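Asks: Submitted below is the structure of interest, expressed as structure tokens.
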Amino acid sequence: MSTTPHPLETRVVSLRFDQPDAYTLKGYLASGGFQALEKAFGMQPEAIIEEVKKSGLRGRGGAGFPTGLKWSFVPKQSAREKYVLCNADESEPGTCKDRLILEHDPFAIIEGMLIAGRAIGARRGYIYIRGEYRYLLDRMEKALEEARDAGYVGTNIRGRGFDFDIYAHTGAGAYECGEESALMESLEGKRGIPRLKPPFPAVSGYLGGPTIINNVETLASVPPILLNGGEWFAAFGPPKNGGTRLFCLSGHVNQQGVWELPLGFPMRRLIEELGGGMRNGAKLKAVVPGGSSTPLLPANVAWDVNLDFDSMAKVGTFLGSGGVVVVDEHTCMVKFALRIMQFYRHESCGWCVPCREGTSWLQTSLTRFHNGGGREADIALMREVSENILGRTHCALGDAAAMPTISILQHWRQEFEDHLAGKPCPFGARTAVAAAH
Amino acid sequence: MTPFSDALEERFQALMARYPARRSALVPMLIYAQDEIGHVSPAAIHRIAELLDESEMAVREVIGYYSMLRTEPAGKFHVQVCTNISCLLRGGEDLYEHCRKRLGIGHKQTAPDGVFSLEEVECLGACSWAPAVQINYDFHQELTPERLDQILDAYQARAKA
């Protein structure tokens, strides 16, 4: 995978992506590794959290919750053991960035966890890596072994009287386990059924202990923030949208790729300058802005939006996971909606009725439309079913299924009408075989 | 009686010691058991339940949740084709159709000679290198049917060797 920096990039978490030996302890130390930890040893836990707050860092997994604030929710005193969890269950369709950090810079994740552990007073952490990323699990286990042998993980770290153990943990195929409470259930050796919140993990998480759980990229952002200061990081983006982040570009562009850009970077420049423009000179139809869970943007809106949390909110969508999927004019949006719904139907854990039943019925209706047997009344019904999932489930998977569907029904209603009974798909798109899942 | 190698039994002991509650080791144990045996067999379930002091039903309940775990054997090379959105837009369905024709099997089926099995899978995290296929744990990315053919030929040759 190409790691050469692009001139438009601002490399903070991807700083070591073009350093071939950065995944070894020697390579990591040679490029400033563990200096942030040294600095953290000289700081009070509250000061560490304050620095992260100042950076404006918001969760890079998808929800965008302010990281420093999350850390500050952990009670100082706790009868139960506290934990730091790293969410490396990257599975949001369109997202492939944590993979690069795990591959090129595993020690940055370790260092981020150590700093988090010191900030909240935890002594143990786990890195939950999706099962398909086996080569990265192996790489992380090796990195942990090296770190342990050199005294960066374990007891009395660097002679500073700080104990912190970290272990890597494999998943076994479940999108839902990327949801924080489902991840903790899975880490406890159970089915990944999300928990009802509150209590939030900061109060009661893994094994009932106060737990912070952060995405890979979030944790990897912590060492540079501590080293250079929160204000330095915040200055990369617009107010309240601090820093840089990795954007994964895929779909109908000339050049797919992952690039680190300052927040607020224009979508148009991502597609045209980094992505080399639309493939085969086709016109843009739609953009999935932040992974398959986010409402799609029609071309006219997508061209003029900036890649930051607040700009996305203004146009009714989310920055999400940083997975930008570009869709051209030759794509059938009924088919696209169906493929998204097949995914959520397959991944719904089945615990909450609105999600379990809703995704199933939506898949049935969309399949019927796609096969040329659409019923006009179903256009409104699909919207109603989607809206009845929203906010009525333990976790966000239900919302994630409903939101893109509602946006497609809204912006591309005509395409559904073109699929009414007896009409073949004008795009000639095949019905996905995944219906049999 | 254990269906596992000594090395795996040792690995399980180390694994269980990593957590304050040993049941936490269950999902990794199931995956590593499957890696060794090819699937999670009744004997594997029995032994893992015994190690964790859980019922076999509790273990089976967990197996049923995770898409990578299987209780029946698959092919020596398990071909997993992603057709989720990013791959869909770059020809993932064509790759899947190509595999169906070439291997003569469908979703979650194994060829009679046991060399290949096929599965249409959800997002593999290779979106910016789409379309992607994972064979066992190896990623193959930016594929065309022709390129995939060369890869499958190489696996086929390995099976004979």
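Residues in the structure tokens are named by chain (A, B, ... in the order shown) and by number from 1 within that chain; ligands are numbered from 1 in the order shown.
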Applying 10 Å and only C-alpha atoms, which residues near A:Val203 remain after dropping the ones on its own chain fewer than 2 positions away? List them as a ChimeraX atom specification.
Replies: /A:73-75,78,82,198-201,205-206,208-212
Asks: Under the rule of at most 8 Å, produce a per-residue listing of chain A near chain B: chain, number, name, the closest pair of atoms, and the distance in Å, as CSV, using only C-alpha atoms.
Replies:
residue,atom,partner,partner_atom,distance
A:Glu90,CA,B:Gly125,CA,6.8
A:Ser91,CA,B:Gly125,CA,6.0
A:Glu92,CA,B:Cys123,CA,7.2
A:Pro93,CA,B:Cys123,CA,5.4
A:Gly94,CA,B:Cys127,CA,5.3
A:Thr95,CA,B:Gly125,CA,5.9
A:Cys96,CA,B:Gly125,CA,4.6
A:Arg99,CA,B:Gly125,CA,7.5
A:Gly131,CA,B:Met68,CA,7.6
A:Glu132,CA,B:Tyr137,CA,6.5
A:Tyr133,CA,B:Tyr137,CA,7.6
A:Arg134,CA,B:Tyr137,CA,6.3
A:Tyr135,CA,B:Tyr137,CA,7.5
A:Tyr167,CA,B:Arg18,CA,7.2
A:His169,CA,B:Pro28,CA,6.9
A:Thr170,CA,B:Pro28,CA,5.6
A:Gly171,CA,B:Val27,CA,6.6
A:Ala172,CA,B:Met68,CA,5.3
A:Gly173,CA,B:Ser67,CA,4.9
A:Ala174,CA,B:Tyr66,CA,5.7
A:Ser186,CA,B:Val27,CA,7.4
A:Leu187,CA,B:Ser24,CA,5.4
A:Glu188,CA,B:Ser24,CA,4.1
A:Gly189,CA,B:Ser24,CA,4.4
A:Lys190,CA,B:Val62,CA,5.8
A:Arg191,CA,B:Val62,CA,5.2
A:Gly192,CA,B:Tyr65,CA,7.5
A:Cys248,CA,B:Ser128,CA,6.2
A:Leu249,CA,B:Ser128,CA,5.8
A:Ser250,CA,B:Ser128,CA,4.8
A:Gly251,CA,B:Ser86,CA,5.4
A:His252,CA,B:Leu89,CA,6.7
A:Gln256,CA,B:Ser128,CA,5.0
A:Gly257,CA,B:Ser128,CA,4.9
A:Val258,CA,B:Ser128,CA,6.7
A:Ser292,CA,B:Ile85,CA,7.8
A:Val325,CA,B:Ser86,CA,6.6
A:Val327,CA,B:Leu89,CA,7.5
A:Phe336,CA,B:Ile85,CA,7.2
A:Arg339,CA,B:Asn84,CA,6.7
A:Ile340,CA,B:Ile85,CA,7.0
A:Phe343,CA,B:Glu122,CA,6.7
A:Cys349,CA,B:Tyr65,CA,8.0
A:Ala432,CA,B:Glu93,CA,7.5
A:Ala434,CA,B:Glu120,CA,6.9
Asks: Taking the backbone alone, and naming residues the way the document does, which bits of stretch 220-298 of chain A are helix (DSSP H, G or I) by DSSP, as a PyMOL selection string?
Replies: chain A and resi 220-228+230-234+267-274+279-281
Asks: As number ranges by chain, please: every residue in stretch 251-418 of chain A that DSSP puts in strand (DSSP E or B).
Replies: A: 251, 253, 257-262, 265-266, 278, 284-288, 297-298, 306-307, 323-328, 374
Asks: Go ahead and save the picked residues with C-alpha atoms, as a CSV table (one decimal), in the first residue's frame.
Replies:
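This went into selection-v5.csv:
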chain,number,residue,atom,x,y,z
A,251,GLY,CA,-15.5,4.5,-5.5
A,253,VAL,CA,-12.5,8.3,-8.7
A,257,GLY,CA,-6.4,6.3,-1.4
A,258,VAL,CA,-6.1,7.3,2.2
A,259,TRP,CA,-4.7,10.7,3.0
A,260,GLU,CA,-4.3,12.8,6.2
A,261,LEU,CA,-5.9,16.2,5.7
A,262,PRO,CA,-6.6,19.1,8.1
A,265,PHE,CA,-10.5,20.5,3.8
A,266,PRO,CA,-12.8,21.0,0.8
A,278,MET,CA,-14.1,11.3,-11.6
A,284,LEU,CA,-20.8,12.9,-9.8
A,285,LYS,CA,-24.1,11.7,-8.5
A,286,ALA,CA,-23.7,11.1,-4.8
A,287,VAL,CA,-21.1,11.0,-2.0
A,288,VAL,CA,-21.2,8.9,1.1
A,297,LEU,CA,-25.1,14.0,-0.2
A,298,PRO,CA,-26.3,14.7,-3.7
A,306,ASN,CA,-15.9,21.0,3.8
A,307,LEU,CA,-14.6,17.9,5.6
A,323,GLY,CA,-14.8,6.9,4.7
A,324,VAL,CA,-15.7,9.0,1.6
A,325,VAL,CA,-17.4,6.9,-1.1
A,326,VAL,CA,-17.8,8.6,-4.5
A,327,VAL,CA,-20.8,7.5,-6.7
A,328,ASP,CA,-21.1,8.4,-10.3
A,374,GLY,CA,-41.8,-1.9,-6.9
Asks: What gap, in Å, lies between atom CA of A:Phe17 and atom CA of A:Asp105?
Replies: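 Atom-to-atom, atom CA of A:Phe17 and atom CA of A:Asp105 are spaced 7.1 Å apart.
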